[in-house]
Structure formats: C-alpha cells, structure tokens
>>> print(open('coords-v1.csv').read())   # CSV, C-alpha atoms and all ligand atoms
chain,number,residue,atom,x,y,z
Z,1,MET,CA,151.4,111.2,128.2
Z,2,TYR,CA,148.3,110.3,126.3
Z,3,SER,CA,148.2,111.6,122.7
Z,4,ILE,CA,145.1,113.7,122.3
Z,5,ASN,CA,144.1,115.7,119.2
Z,6,GLN,CA,144.9,119.2,120.4
Z,7,ASN,CA,142.1,120.7,118.3
Z,8,ILE,CA,139.6,119.0,120.4
Z,9,ILE,CA,140.8,120.0,123.9
Z,10,ASN,CA,139.4,123.5,123.8
Z,11,LEU,CA,136.3,122.8,121.8
Z,12,ASN,CA,132.9,124.0,123.1
Z,13,PRO,CA,130.4,121.1,122.5
Z,14,TYR,CA,127.2,121.7,120.7
Z,15,LYS,CA,124.4,122.7,123.1
Z,16,PRO,CA,121.1,121.1,122.1
Z,17,GLY,CA,117.7,122.4,123.2
Z,18,LYS,CA,116.9,121.4,126.7
Z,19,PRO,CA,115.0,118.1,126.7
Z,20,ILE,CA,111.5,118.1,128.3
Z,21,LYS,CA,112.5,115.3,130.7
Z,22,GLU,CA,115.5,117.3,132.0
Z,23,VAL,CA,113.4,120.4,132.7
Z,24,GLU,CA,110.8,118.2,134.5
Z,25,ARG,CA,113.6,116.5,136.5
Z,26,GLU,CA,115.7,119.6,137.3
Z,27,LEU,CA,112.9,122.2,137.8
Z,28,GLY,CA,110.0,120.0,138.9
Z,29,ILE,CA,107.9,121.5,136.1
Z,30,LYS,CA,105.1,119.2,134.8
Z,31,ASN,CA,104.7,118.9,131.0
Z,32,PRO,CA,106.7,121.9,129.8
Z,33,ILE,CA,106.3,123.0,126.2
Z,34,LYS,CA,109.4,122.6,124.1
Z,35,LEU,CA,109.8,125.0,121.2
Z,36,ALA,CA,113.6,124.9,121.2
Z,37,SER,CA,114.9,122.4,118.6
Z,38,ASN,CA,112.9,123.2,115.5
Z,39,GLU,CA,111.1,119.9,115.8
Z,40,ASN,CA,107.8,119.0,114.2
Z,41,ALA,CA,104.9,119.3,116.6
Z,42,TRP,CA,102.6,117.1,114.7
Z,43,GLY,CA,104.6,113.9,114.9
Z,44,THR,CA,105.2,111.9,111.8
Z,45,SER,CA,103.1,110.3,109.0
Z,46,GLU,CA,100.9,107.3,110.0
Z,47,LYS,CA,102.4,105.4,107.0
Z,48,ALA,CA,105.9,106.1,108.5
Z,49,LYS,CA,104.7,104.8,111.9
Z,50,LYS,CA,103.4,101.6,110.3
Z,51,ALA,CA,106.7,101.0,108.5
Z,52,MET,CA,108.5,101.6,111.8
Z,53,GLN,CA,106.3,99.0,113.6
Z,54,GLU,CA,106.8,96.5,110.9
Z,55,SER,CA,110.6,97.0,111.1
Z,56,ILE,CA,110.6,95.5,114.6
Z,57,ASN,CA,110.2,92.0,113.1
Z,58,GLU,CA,113.5,92.4,111.2
Z,59,ILE,CA,115.5,94.2,113.8
Z,60,ASN,CA,117.7,91.2,114.5
Z,61,LEU,CA,119.2,91.7,111.0
Z,62,TYR,CA,121.9,94.2,110.0
Z,63,PRO,CA,120.4,96.9,107.7
Z,64,ASP,CA,121.3,97.2,104.1
Z,65,GLY,CA,124.7,98.9,104.2
Z,66,ASN,CA,123.9,100.8,101.0
Z,67,SER,CA,120.3,101.9,101.8
Z,68,PHE,CA,119.4,100.5,98.4
Z,69,TYR,CA,115.7,100.9,98.4
Z,70,LEU,CA,115.7,104.2,100.2
Z,71,ARG,CA,118.3,105.7,97.9
Z,72,LYS,CA,116.3,104.4,94.9
Z,73,ALA,CA,113.2,106.2,96.1
Z,74,ILE,CA,115.1,109.4,97.0
Z,75,SER,CA,116.8,109.4,93.6
Z,76,PHE,CA,113.4,109.1,91.9
Z,77,PHE,CA,111.9,111.8,94.1
Z,78,ASN,CA,114.7,114.2,93.1
Z,79,GLY,CA,115.2,113.2,89.5
Z,80,VAL,CA,118.8,112.1,89.9
Z,81,ASP,CA,120.7,108.8,89.6
Z,82,GLU,CA,120.9,106.4,92.5
Z,83,GLU,CA,124.6,106.7,92.7
Z,84,GLU,CA,124.1,110.5,93.2
Z,85,ILE,CA,122.4,109.9,96.6
Z,86,ILE,CA,124.1,109.3,99.9
Z,87,THR,CA,122.4,108.7,103.2
Z,88,GLY,CA,123.4,109.4,106.8
Z,89,ASN,CA,122.5,109.1,110.5
Z,90,GLY,CA,120.9,112.5,110.2
Z,91,SER,CA,122.1,115.1,107.7
Z,92,ASN,CA,124.6,115.9,110.4
Z,93,GLU,CA,126.6,112.8,109.8
Z,94,ILE,CA,126.8,113.6,106.1
Z,95,LEU,CA,128.0,117.2,106.8
Z,96,THR,CA,130.6,115.9,109.3
Z,97,THR,CA,131.8,113.2,106.9
Z,98,LEU,CA,132.1,115.7,104.0
Z,99,MET,CA,134.1,118.0,106.2
Z,100,ARG,CA,136.4,115.1,107.2
Z,101,ILE,CA,136.9,114.4,103.5
Z,102,PHE,CA,137.7,117.9,102.3
Z,103,LEU,CA,139.2,119.8,105.3
Z,104,ASN,CA,142.6,119.6,106.9
Z,105,GLU,CA,145.1,121.7,108.8
Z,106,LYS,CA,146.3,123.4,105.6
Z,107,ASN,CA,143.1,124.6,104.1
Z,108,ASN,CA,140.0,126.5,105.1
Z,109,LEU,CA,136.2,126.4,105.3
Z,110,VAL,CA,134.0,129.4,104.4
Z,111,ILE,CA,130.7,129.9,106.2
Z,112,GLY,CA,128.3,132.7,107.0
Z,113,GLU,CA,128.8,134.5,110.3
Z,114,TYR,CA,125.5,133.0,111.7
Z,115,ALA,CA,125.8,129.6,110.1
Z,116,PHE,CA,124.5,126.4,111.9
Z,117,ALA,CA,126.9,125.8,114.8
Z,118,ILE,CA,127.9,122.3,113.9
Z,119,TYR,CA,129.9,123.4,110.9
Z,120,GLN,CA,132.4,125.3,113.1
Z,121,ILE,CA,132.6,122.7,115.8
Z,122,VAL,CA,133.6,120.0,113.3
Z,123,ALA,CA,135.9,122.2,111.3
Z,124,LYS,CA,137.7,123.2,114.5
Z,125,SER,CA,138.2,119.6,115.4
Z,126,LEU,CA,139.9,119.1,112.1
Z,127,GLY,CA,142.2,122.0,112.6
Z,128,CYS,CA,141.4,123.9,109.5
Z,129,LYS,CA,140.9,127.7,109.3
Z,130,ILE,CA,137.4,129.0,109.4
Z,131,ASN,CA,136.7,132.1,107.3
Z,132,LYS,CA,133.4,133.7,108.4
Z,133,ALA,CA,131.6,136.0,106.0
Z,134,LYS,CA,129.7,139.0,107.4
Z,135,THR,CA,126.0,139.0,106.8
Z,136,ASN,CA,123.9,141.9,105.5
Z,137,ASN,CA,121.0,142.6,107.9
Z,138,TYR,CA,121.2,139.0,109.2
Z,139,LYS,CA,121.2,137.6,105.7
Z,140,ASN,CA,124.0,135.7,104.1
Z,141,SER,CA,125.8,137.9,101.6
Z,142,TYR,CA,127.0,136.1,98.4
Z,143,GLU,CA,129.6,138.9,97.9
Z,144,ASN,CA,131.0,138.5,101.4
Z,145,LEU,CA,131.0,134.7,101.1
Z,146,ILE,CA,133.0,135.0,97.8
Z,147,ASN,CA,135.3,137.6,99.3
Z,148,SER,CA,136.0,135.3,102.2
Z,149,CYS,CA,137.5,132.6,99.9
Z,150,ASP,CA,141.2,132.5,99.1
Z,151,GLU,CA,143.5,130.0,97.4
Z,152,ASN,CA,143.3,127.7,100.4
Z,153,THR,CA,139.5,127.4,100.5
Z,154,ALA,CA,138.4,123.8,100.1
Z,155,LEU,CA,134.8,124.0,101.2
Z,156,MET,CA,132.0,126.4,101.5
Z,157,ILE,CA,128.8,125.5,103.5
Z,158,VAL,CA,125.7,127.6,103.3
Z,159,ASP,CA,122.5,126.7,105.1
Z,160,ASN,CA,119.7,127.9,102.9
Z,161,PRO,CA,117.5,128.8,104.7
Z,162,ASN,CA,119.8,129.6,107.5
Z,163,ASN,CA,119.6,128.4,111.1
Z,164,PRO,CA,119.3,130.3,113.4
Z,165,THR,CA,118.3,133.5,111.4
Z,166,GLY,CA,115.6,131.9,109.2
Z,167,THR,CA,116.8,134.0,106.3
Z,168,TYR,CA,117.7,132.8,102.8
Z,169,ILE,CA,119.8,133.6,99.7
Z,170,ASN,CA,117.8,133.9,96.5
Z,171,LYS,CA,118.2,132.1,93.2
Z,172,ALA,CA,120.4,134.8,91.6
Z,173,GLU,CA,122.7,135.0,94.7
Z,174,LEU,CA,122.9,131.2,94.9
Z,175,ASN,CA,123.8,131.0,91.2
Z,176,LYS,CA,126.7,133.5,91.8
Z,177,LEU,CA,128.0,131.2,94.6
Z,178,ILE,CA,127.7,128.1,92.4
Z,179,GLU,CA,129.5,129.7,89.5
Z,180,PHE,CA,132.3,131.1,91.6
Z,181,THR,CA,133.0,127.9,93.6
Z,182,ASN,CA,132.8,125.8,90.6
Z,183,LYS,CA,135.3,127.9,88.7
Z,184,ASN,CA,137.7,127.9,91.7
Z,185,LYS,CA,137.5,124.2,92.5
Z,186,ILE,CA,135.7,124.7,95.9
Z,187,ILE,CA,133.2,122.2,97.1
Z,188,LEU,CA,129.9,124.0,97.8
Z,189,VAL,CA,127.5,122.3,100.2
Z,190,ILE,CA,124.0,123.8,100.3
Z,191,ASP,CA,122.2,122.6,103.5
Z,192,GLU,CA,118.5,122.5,102.8
Z,193,ALA,CA,117.3,121.2,106.1
Z,194,TYR,CA,114.3,123.6,106.1
Z,195,LEU,CA,113.5,123.5,102.4
Z,196,GLU,CA,110.0,122.3,102.8
Z,197,TYR,CA,108.9,125.5,104.7
Z,198,VAL,CA,110.2,128.1,102.2
Z,199,ARG,CA,107.6,130.4,100.7
Z,200,ALA,CA,109.8,133.1,99.1
Z,201,ASN,CA,109.1,133.3,95.4
Z,202,ASP,CA,112.8,134.0,94.5
Z,203,TYR,CA,114.1,131.0,96.4
Z,204,GLU,CA,115.4,128.1,94.4
Z,205,THR,CA,116.7,124.7,95.6
Z,206,ALA,CA,120.3,124.1,94.5
Z,207,LEU,CA,119.0,120.9,93.0
Z,208,GLU,CA,118.0,122.9,90.0
Z,209,SER,CA,121.7,123.5,89.2
Z,210,PHE,CA,123.0,120.1,90.3
Z,211,LYS,CA,123.5,118.4,86.9
Z,212,LYS,CA,125.8,121.1,85.6
Z,213,TYR,CA,128.2,121.5,88.5
Z,214,ASP,CA,130.2,118.7,89.9
Z,215,ASN,CA,131.3,120.6,93.0
Z,216,LEU,CA,127.7,121.0,94.3
Z,217,VAL,CA,126.3,119.0,97.2
Z,218,ILE,CA,122.8,119.4,98.6
Z,219,THR,CA,121.9,118.0,102.0
Z,220,ARG,CA,118.4,117.3,103.1
Z,221,THR,CA,116.8,115.8,106.2
Z,222,PHE,CA,113.9,113.8,107.4
Z,223,SER,CA,114.2,115.5,110.8
Z,224,LYS,CA,112.1,118.6,110.3
Z,225,ALA,CA,109.0,118.6,108.1
Z,226,TYR,CA,109.0,114.8,108.0
Z,227,GLY,CA,109.0,114.6,111.8
Z,228,LEU,CA,111.6,111.9,112.2
Z,229,CYS,CA,114.5,113.6,114.1
Z,230,GLY,CA,114.4,111.0,116.8
Z,231,LEU,CA,115.2,108.3,114.2
Z,232,ARG,CA,118.3,110.1,112.7
Z,233,ILE,CA,118.0,110.0,108.9
Z,234,GLY,CA,119.2,112.5,106.3
Z,235,TYR,CA,120.5,112.4,102.7
Z,236,ALA,CA,122.5,114.3,100.2
Z,237,VAL,CA,122.5,114.7,96.4
Z,238,CYS,CA,126.1,114.8,95.1
Z,239,HIS,CA,128.0,113.7,92.1
Z,240,LYS,CA,129.4,110.2,91.9
Z,241,TRP,CA,133.0,111.2,92.5
Z,242,ILE,CA,131.9,112.6,95.9
Z,243,SER,CA,129.5,109.7,96.8
Z,244,ASP,CA,132.4,107.3,96.1
Z,245,LEU,CA,134.6,109.2,98.6
Z,246,TYR,CA,131.8,109.3,101.2
Z,247,ASN,CA,131.2,105.6,100.9
Z,248,LYS,CA,134.9,104.9,101.6
Z,249,VAL,CA,134.8,106.6,105.0
Z,250,ARG,CA,131.3,106.4,106.4
Z,251,ASP,CA,130.5,103.7,108.9
Z,252,PRO,CA,129.4,100.4,107.3
Z,253,PHE,CA,125.9,100.4,108.7
Z,254,ASN,CA,125.5,104.2,109.3
Z,255,VAL,CA,121.7,104.2,108.6
Z,256,ASN,CA,119.8,101.8,110.8
Z,257,LEU,CA,117.1,99.4,109.5
Z,258,MET,CA,114.2,101.2,111.0
Z,259,ALA,CA,115.3,104.5,109.7
Z,260,GLN,CA,115.6,103.2,106.1
Z,261,ASN,CA,112.2,101.5,106.1
Z,262,THR,CA,110.5,104.5,107.8
Z,263,ALA,CA,112.0,107.2,105.7
Z,264,LEU,CA,111.0,105.3,102.6
Z,265,ALA,CA,107.3,105.3,103.7
Z,266,ALA,CA,107.5,108.9,104.9
Z,267,LEU,CA,108.8,110.1,101.5
Z,268,LYS,CA,105.7,108.6,99.9
Z,269,ASP,CA,103.4,110.5,102.1
Z,270,GLN,CA,103.7,114.0,100.7
Z,271,GLU,CA,100.1,114.8,101.9
Z,272,PHE,CA,101.5,114.7,105.5
Z,273,ILE,CA,104.3,117.2,104.6
Z,274,LYS,CA,101.7,119.5,103.0
Z,275,SER,CA,99.6,119.6,106.1
Z,276,VAL,CA,102.6,120.1,108.4
Z,277,VAL,CA,103.9,123.0,106.3
Z,278,LYS,CA,100.4,124.6,106.2
Z,279,LYS,CA,100.0,124.5,110.0
Z,280,THR,CA,103.6,125.7,110.4
Z,281,HIS,CA,103.0,128.7,108.3
Z,282,ALA,CA,99.8,129.5,110.3
Z,283,GLY,CA,102.0,129.3,113.5
Z,284,ILE,CA,104.6,131.6,112.0
Z,285,GLU,CA,102.0,134.2,111.0
Z,286,PHE,CA,100.5,134.0,114.6
Z,287,PHE,CA,103.9,134.6,116.1
Z,288,TYR,CA,104.6,137.6,113.7
Z,289,LYS,CA,101.3,139.2,114.8
Z,290,GLU,CA,101.8,138.6,118.5
Z,291,PHE,CA,105.5,139.8,118.4
Z,292,LYS,CA,104.3,143.0,116.6
Z,293,GLU,CA,101.8,143.6,119.3
Z,294,LEU,CA,104.4,143.1,121.9
Z,295,ASN,CA,106.7,145.5,120.1
Z,296,LEU,CA,109.4,142.8,119.7
Z,297,ASN,CA,111.6,142.9,116.5
Z,298,TYR,CA,111.9,139.6,114.7
Z,299,ILE,CA,113.6,138.4,111.6
Z,300,LYS,CA,111.3,137.2,108.8
Z,301,SER,CA,111.7,133.5,108.5
Z,302,GLU,CA,111.5,130.9,105.7
Z,303,THR,CA,111.6,128.1,108.2
Z,304,ASN,CA,109.6,126.7,111.2
Z,305,PHE,CA,111.3,129.0,113.7
Z,306,ILE,CA,111.8,132.7,114.4
Z,307,LEU,CA,114.7,134.6,115.9
Z,308,VAL,CA,113.2,137.4,118.0
Z,309,ASN,CA,114.8,140.2,120.0
Z,310,VAL,CA,113.4,140.1,123.5
Z,311,LYS,CA,115.0,143.4,124.5
Z,312,GLU,CA,116.9,141.9,127.4
Z,313,ASP,CA,119.6,139.4,128.1
Z,314,GLY,CA,118.4,136.3,126.0
Z,315,ASN,CA,119.9,133.8,128.5
Z,316,LYS,CA,117.9,135.4,131.4
Z,317,PHE,CA,114.7,135.6,129.3
Z,318,PHE,CA,115.2,131.9,128.4
Z,319,LYS,CA,115.6,130.9,132.0
Z,320,LYS,CA,112.5,132.9,133.2
Z,321,LEU,CA,110.4,131.5,130.4
Z,322,MET,CA,111.6,128.0,131.3
Z,323,GLN,CA,110.4,128.6,134.9
Z,324,LYS,CA,107.0,129.2,133.4
Z,325,GLY,CA,107.2,125.9,131.5
Z,326,VAL,CA,108.2,127.0,128.0
Z,327,ILE,CA,111.5,125.9,126.6
Z,328,VAL,CA,113.0,128.1,123.9
Z,329,ARG,CA,116.7,128.5,122.8
Z,330,PRO,CA,119.0,131.3,123.9
Z,331,MET,CA,121.2,132.5,121.1
Z,332,THR,CA,124.2,133.9,122.9
Z,333,GLY,CA,126.4,131.1,121.4
Z,334,TYR,CA,125.8,132.7,118.0
Z,335,GLY,CA,126.6,136.2,119.3
Z,336,PHE,CA,122.9,137.3,119.7
Z,337,LYS,CA,122.8,138.8,123.1
Z,338,ASN,CA,119.2,139.8,123.2
Z,339,HIS,CA,117.6,137.2,120.9
Z,340,ILE,CA,116.0,133.9,121.5
Z,341,ARG,CA,114.9,131.4,118.9
Z,342,ILE,CA,111.4,129.8,119.1
Z,343,ASN,CA,109.9,127.2,116.8
Z,344,VAL,CA,106.3,126.7,115.9
Z,345,GLY,CA,104.4,124.2,118.0
Z,346,LYS,CA,100.7,123.2,117.9
Z,347,GLU,CA,98.2,126.1,118.0
Z,348,GLU,CA,97.6,125.6,121.7
Z,349,GLU,CA,101.3,125.5,122.5
Z,350,ASN,CA,102.0,128.7,120.5
Z,351,LYS,CA,99.2,130.5,122.4
Z,352,ILE,CA,100.5,129.4,125.8
Z,353,ALA,CA,104.1,130.4,124.8
Z,354,ILE,CA,102.8,133.9,123.8
Z,355,ASN,CA,100.9,134.3,127.0
Z,356,LYS,CA,104.1,133.5,129.0
Z,357,PHE,CA,105.9,136.1,126.9
Z,358,LYS,CA,103.2,138.6,127.8
Z,359,GLU,CA,103.5,137.8,131.5
Z,360,LEU,CA,107.3,138.4,131.3
Z,361,ILE,CA,107.2,141.5,129.2
Z,362,ASN,CA,104.1,143.2,130.5
Z,363,GLY,CA,104.7,142.1,134.1
Z,401,LIG,C1,120.7,124.0,109.2
Z,401,LIG,C2,120.7,122.6,109.8
Z,401,LIG,N1,121.4,121.6,109.1
Z,401,LIG,C3,121.4,120.4,109.6
Z,401,LIG,C4,120.8,120.0,110.7
Z,401,LIG,C5,120.9,118.6,111.2
Z,401,LIG,O1,119.8,117.9,111.1
Z,401,LIG,P1,119.7,116.3,111.2
Z,401,LIG,O2,121.1,115.8,111.5
Z,401,LIG,O3,118.7,116.0,112.2
Z,401,LIG,O4,119.3,115.9,109.8
Z,401,LIG,C6,120.0,121.0,111.4
Z,401,LIG,C7,119.4,120.6,112.7
Z,401,LIG,O5,118.8,121.4,113.4
Z,401,LIG,C8,120.0,122.3,110.9
Z,401,LIG,O6,119.3,123.2,111.6
>>> encode(input="coords-v1.csv", output="structure tokens", more="lines below")
Ligand SMILES: Cc1ncc(COP(=O)(O)O)c(C=O)c1O
Amino acid sequence: MYSINQNIINLNPYKPGKPIKEVERELGIKNPIKLASNENAWGTSEKAKKAMQESINEINLYPDGNSFYLRKAISFFNGVDEEEIITGNGSNEILTTLMRIFLNEKNNLVIGEYAFAIYQIVAKSLGCKINKAKTNNYKNSYENLINSCDENTALMIVDNPNNPTGTYINKAELNKLIEFTNKNKIILVIDEAYLEYVRANDYETALESFKKYDNLVITRTFSKAYGLCGLRIGYAVCHKWISDLYNKVRDPFNVNLMAQNTALAALKDQEFIKSVVKKTHAGIEFFYKEFKELNLNYIKSETNFILVNVKEDGNKFFKKLMQKGVIVRPMTGYGFKNHIRINVGKEEENKIAINKFKELING
C-alpha cells in the first residue's frame, strides 16, 4: 500500500475561473470576454513591461533567493524594516506556507463563512479543524470571529476586503480582532489582496497597527491592481520572528527573477495604479446602475468585483452566459446558489456583459 496523506484524498481542488482558451476550444466561441478571476483588464505598467523584457537577458541565472532589492523597495513603500517583508510566488504561497507553519492536526483555523476558498483547502490538507464564523448580512462579524476561537485556535485569517462578497470590516472592528488575537496568542493574518480598490472611509489597512502587535501578518499582492497575476508575485508584512520561520520552510528560489525585477518597477509606478483604480470604480458604478435597472440585488463591493443575485441557479446562468461569450464565476462552491461573481473589465467589455445579461433576463 502506498502511504497517502488521508486529509488530501477527499479534498475538492480549487476551481479557478475558466480560461479564455478553454472556452474557445471547448465551445468554439471566438474571443470570449473573461470577467471571472478578478484580473486587471488594463494590463500592467509600461515600466513593469520594460523591466520584464530586460530580465530576459539574465534569465539563465538563478534569482536572488532573498528578493533583496524587491524587499528593500517594499519595506520602504510600507515604512517597515526589510526583515519584516517576505515575498512569495503569489500571496497564495505565503498564505499556504503560513498555514503550514502554524496549523496541525491538534489545533484550528478561524475564518469567515465566505472566506477565500484557498484557506479551507490548505487547512483541510493539514488536518486541522476549521471554525467558520457566521457573517452578518454577508459581512464578516468581528464578534462571531472572536466567538469562533477557542483554546486550540492557532490562526485566524480574514480577507479584508473579502473575496467573494466584496465586503469589509471597518477600522474599529479590525482593532477588536487585533486586540483579541494578540491577547490570546493567535496569529492574525489580514489578507489585503484588494486593498488598492477600497473607498470606504472607515476602512483601515492593518499596516497601521503592525508595529504594536507581533501576531499580525498583512498579505498583499501584485496580482490585482498591479496587473501581474500571470507572473505570480505577492508579499507580506510580518514581524521578524515570523519571517525567520517563513524563510526556513519556503522554497529556496520561490520568487523568480522576472517577478522580482518586474514587481520592483511596478511598485514605482503608482500613477498606473491610480488610473486602474479610477477606471475600476467607474466600472463598478456602471454595474451597480445596470443591476438596479435589471432588478438584480448585488452586494456593495470595495473590490474590483461584484457578487450579484441572478434570481436563478447560478451555475445555469453562468453556463448560459458563457454560451454567449461572457465568462463569469458561479458561486455555488461558496454556498451561494443564485449568485454569480463578475469583475470589472474594460468599458466595452462591461457593456457587452450587461447586454448579454439583459438578453438572458429579459428574453
Ligand atoms: C482574497 C484573496 N487572497 C489571495 C489571493 C491570491 O492572490 P495571488 O496568489 O495571485 O497573490 C486572491 C486571488 O484571487 C484573493 O482573492
């Protein structure tokens, strides 16, 4: 008998958004529009592209195993020490590695009921218990998160804003979570993948509290507003005792050379981020207006995507929309039977998507 980790046998793998090429191949649809993976429709910064091209000349060399120059730039950008920055092959790798460090079969992870799916998948593979906190009106509740903790809780992960709901916890709620977890020796990871898009006045990045709390980790990504998800690069701000642990178990060259050089250039081009965020907000407002006209309930979002109730089986709606050349994401895996998630694309793409919605809804 082969020895297989039993926790993995019954695991349901993460289902990513359907790739454009797959839809073209399987359904014979030419140039479908993909609004399914919260990607950035406007590409990436020209400066980042230049750095990427220049990296080709060095690609025969191993990358810097410590991402020295990138970590230096990120630490400066965030006002923390270089040893308080860790980098990963997407923020996903960082989240996974932190879970491997802190979770085991004897303890538990606390997450919101609609937290990003990866947290659960990885935690299940590690055999720990998962305590899910009920939300209030789709929004993470700091009280329920705290009440879901017990003496065996090792880690709490909160995506703020939350994927797939687009909701957020405010500054006061976040501070309650930080105080509680710090007092109870629980690691608190705040996943800020969508930080750049937030408009709510009472939102605060956990970075503001970072210096005072040694249990706090903040993950960020170059995948969303920076438009580099194909390259796989993310980072986290954490205290040295945690970065030391991370560096013991991560792969030696976890961040490739092109990703390091490109992210460094992308970070310096904040004008690009501003323009992406502005166009994204215009797209969000367009969808709000159109969904209202179509009488579809949606959840107000602080991200580049919206969870919308299509008043029928979300999987069926997703398939019918795909036949019309628009790829969105069904949300049944998260327990949303009648919702789909759609992200903002270019103005023209948003208009086409809404027209296809209208065809399906109005007949
Ligand atoms: C909330 C959240 N966290 C983390 C990630 C992972 O991002 P990446 O690994 O591309 O940095 C995603 C990706 O969709 C996300 O939605």
>>> residues_near_ligand(input="coords-v1.csv", ligand="ligand LIG 401 (chain Z)", cutoff="7 Å", atoms="all atoms listed in the file", output="JSON, numbers by chain")
{"Z": [37, 38, 89, 90, 91, 92, 93, 116, 159, 162, 163, 191, 192, 193, 220, 221, 222, 223, 229, 232, 233, 234]}
>>> residues_around(input="coords-v1.csv", residues="Z:Phe77", least_positions_apart="5", cutoff="10 Å", atoms="all atoms listed in the file", output="list in words")
Arg71, Lys72, Leu267 and Lys268 of chain Z
>>> closest_residue(input="coords-v1.csv", among="Z:Ile130, Z:Leu294, Z:Ile354, Z:Leu35", to="Z:Ala154", atoms="all atoms listed in the file")
Z:Ile130
>>> residues_near_point(input="coords-v1.csv", point="(97.6, 124.8, 123.4)", cutoff="12 Å", atoms="only C-alpha atoms", output="ChimeraX atom specification")
/Z:31-33,41,283,326,344-355
>>> residues_around(input="coords-v1.csv", residues="Z:Phe68", least_positions_apart="2", cutoff="12 Å", atoms="all atoms listed in the file", output="list in words")
Pro63, Asp64, Gly65, Asn66, Leu70, Arg71, Lys72, Ala73, Ile74, Ser75, Glu82, Glu83, Ile85, Ile86, Thr87, Val255, Leu257, Gln260, Asn261 and Leu264 of chain Z
>>> atom_distance(input="coords-v1.csv", atom1="atom CA of Z:Asn137", atom2="atom CA of Z:Ile111")
16.1 Å
>>> residues_around(input="coords-v1.csv", residues="stretch 300-305 of chain Z", least_positions_apart="3", cutoff="8 Å", atoms="all atoms listed in the file", output="PyMOL selection string")
chain Z and resi 38+161+165-168+194-195+197-200+280-281+284+341-344
>>> write_last_selection(input="coords-v1.csv", atoms="C-alpha atoms", output="PDB file, keeping the file's coordinate frame")
ATOM      1  CA  ASN Z  38     112.900 123.200 115.500  1.00  0.00           C
ATOM      2  CA  PRO Z 161     117.500 128.800 104.700  1.00  0.00           C
ATOM      3  CA  THR Z 165     118.300 133.500 111.400  1.00  0.00           C
ATOM      4  CA  GLY Z 166     115.600 131.900 109.200  1.00  0.00           C
ATOM      5  CA  THR Z 167     116.800 134.000 106.300  1.00  0.00           C
ATOM      6  CA  TYR Z 168     117.700 132.800 102.800  1.00  0.00           C
ATOM      7  CA  TYR Z 194     114.300 123.600 106.100  1.00  0.00           C
ATOM      8  CA  LEU Z 195     113.500 123.500 102.400  1.00  0.00           C
ATOM      9  CA  TYR Z 197     108.900 125.500 104.700  1.00  0.00           C
ATOM     10  CA  VAL Z 198     110.200 128.100 102.200  1.00  0.00           C
ATOM     11  CA  ARG Z 199     107.600 130.400 100.700  1.00  0.00           C
ATOM     12  CA  ALA Z 200     109.800 133.100  99.100  1.00  0.00           C
ATOM     13  CA  THR Z 280     103.600 125.700 110.400  1.00  0.00           C
ATOM     14  CA  HIS Z 281     103.000 128.700 108.300  1.00  0.00           C
ATOM     15  CA  ILE Z 284     104.600 131.600 112.000  1.00  0.00           C
ATOM     16  CA  ARG Z 341     114.900 131.400 118.900  1.00  0.00           C
ATOM     17  CA  ILE Z 342     111.400 129.800 119.100  1.00  0.00           C
ATOM     18  CA  ASN Z 343     109.900 127.200 116.800  1.00  0.00           C
ATOM     19  CA  VAL Z 344     106.300 126.700 115.900  1.00  0.00           C
TER      20      VAL Z 344
END
>>> atom_distance(input="coords-v1.csv", atom1="atom CA of Z:Asp202", atom2="atom CA of Z:Asn78")
19.9 Å
>>> closest_residue(input="coords-v1.csv", among="Z:Ile8, Z:Ile29, Z:Leu177, Z:Asp269", to="Z:Leu126", atoms="all atoms listed in the file")
Z:Ile8
>>> closest_atom_pairs(input="coords-v1.csv", of="stretch 10-125 of chain Z", to="stretch 141-149 of chain Z", cutoff="9 Å", atoms="all atoms listed in the file", output="CSV")
residue,atom,partner,partner_atom,distance
Z:Asn108,CA,Z:Cys149,CA,8.4
Z:Leu109,CA,Z:Cys149,CA,8.3
Z:Val110,CA,Z:Cys149,CA,6.5
Z:Ile111,CA,Z:Leu145,CA,7.0
Z:Gly112,CA,Z:Leu145,CA,6.8
>>> atom_distance(input="coords-v1.csv", atom1="atom CA of Z:Ile118", atom2="atom CA of Z:Met99")
10.8 Å
>>> closest_residue(input="coords-v1.csv", among="Z:Cys128, Z:Leu103, Z:Leu11, Z:Ile218", to="Z:Ser243", atoms="all atoms listed in the file")
Z:Ile218
>>> decode(input="coords-v1.csv", residues="stretch 170-180 of chain Z", atoms="N, CA, C and O atoms", output="compact mmCIF listing (two decimals), in the first residue's frame")
# COMPACT_ATOMS: atom_id res chain seq x y z
N ASN Z 170 -14.55 47.27 9.29
CA ASN Z 170 -14.02 48.63 9.43
C ASN Z 170 -12.90 48.68 10.48
O ASN Z 170 -12.60 47.68 11.14
N LYS Z 171 -12.35 49.88 10.61
CA LYS Z 171 -11.20 50.08 11.48
C LYS Z 171 -11.47 49.62 12.92
O LYS Z 171 -10.66 48.91 13.52
N ALA Z 172 -12.63 50.01 13.47
CA ALA Z 172 -12.93 49.67 14.86
C ALA Z 172 -13.05 48.15 15.02
O ALA Z 172 -12.54 47.56 15.99
N GLU Z 173 -13.70 47.50 14.04
CA GLU Z 173 -13.88 46.04 14.10
C GLU Z 173 -12.53 45.32 13.98
O GLU Z 173 -12.25 44.37 14.70
N LEU Z 174 -11.72 45.82 13.06
CA LEU Z 174 -10.39 45.24 12.87
C LEU Z 174 -9.57 45.34 14.15
O LEU Z 174 -8.92 44.38 14.58
N ASN Z 175 -9.65 46.51 14.80
CA ASN Z 175 -8.87 46.70 16.02
C ASN Z 175 -9.31 45.76 17.13
O ASN Z 175 -8.49 45.27 17.91
N LYS Z 176 -10.61 45.45 17.17
CA LYS Z 176 -11.10 44.48 18.17
C LYS Z 176 -10.48 43.11 17.91
O LYS Z 176 -10.06 42.41 18.84
N LEU Z 177 -10.42 42.72 16.63
CA LEU Z 177 -9.83 41.42 16.27
C LEU Z 177 -8.34 41.38 16.62
O LEU Z 177 -7.85 40.38 17.14
N ILE Z 178 -7.66 42.48 16.34
CA ILE Z 178 -6.22 42.53 16.61
C ILE Z 178 -5.97 42.39 18.12
O ILE Z 178 -5.15 41.59 18.56
N GLU Z 179 -6.70 43.18 18.91
CA GLU Z 179 -6.53 43.13 20.38
C GLU Z 179 -6.79 41.73 20.91
O GLU Z 179 -6.02 41.20 21.69
N PHE Z 180 -7.91 41.14 20.46
CA PHE Z 180 -8.30 39.82 20.98
C PHE Z 180 -7.26 38.76 20.63
O PHE Z 180 -6.83 38.00 21.48
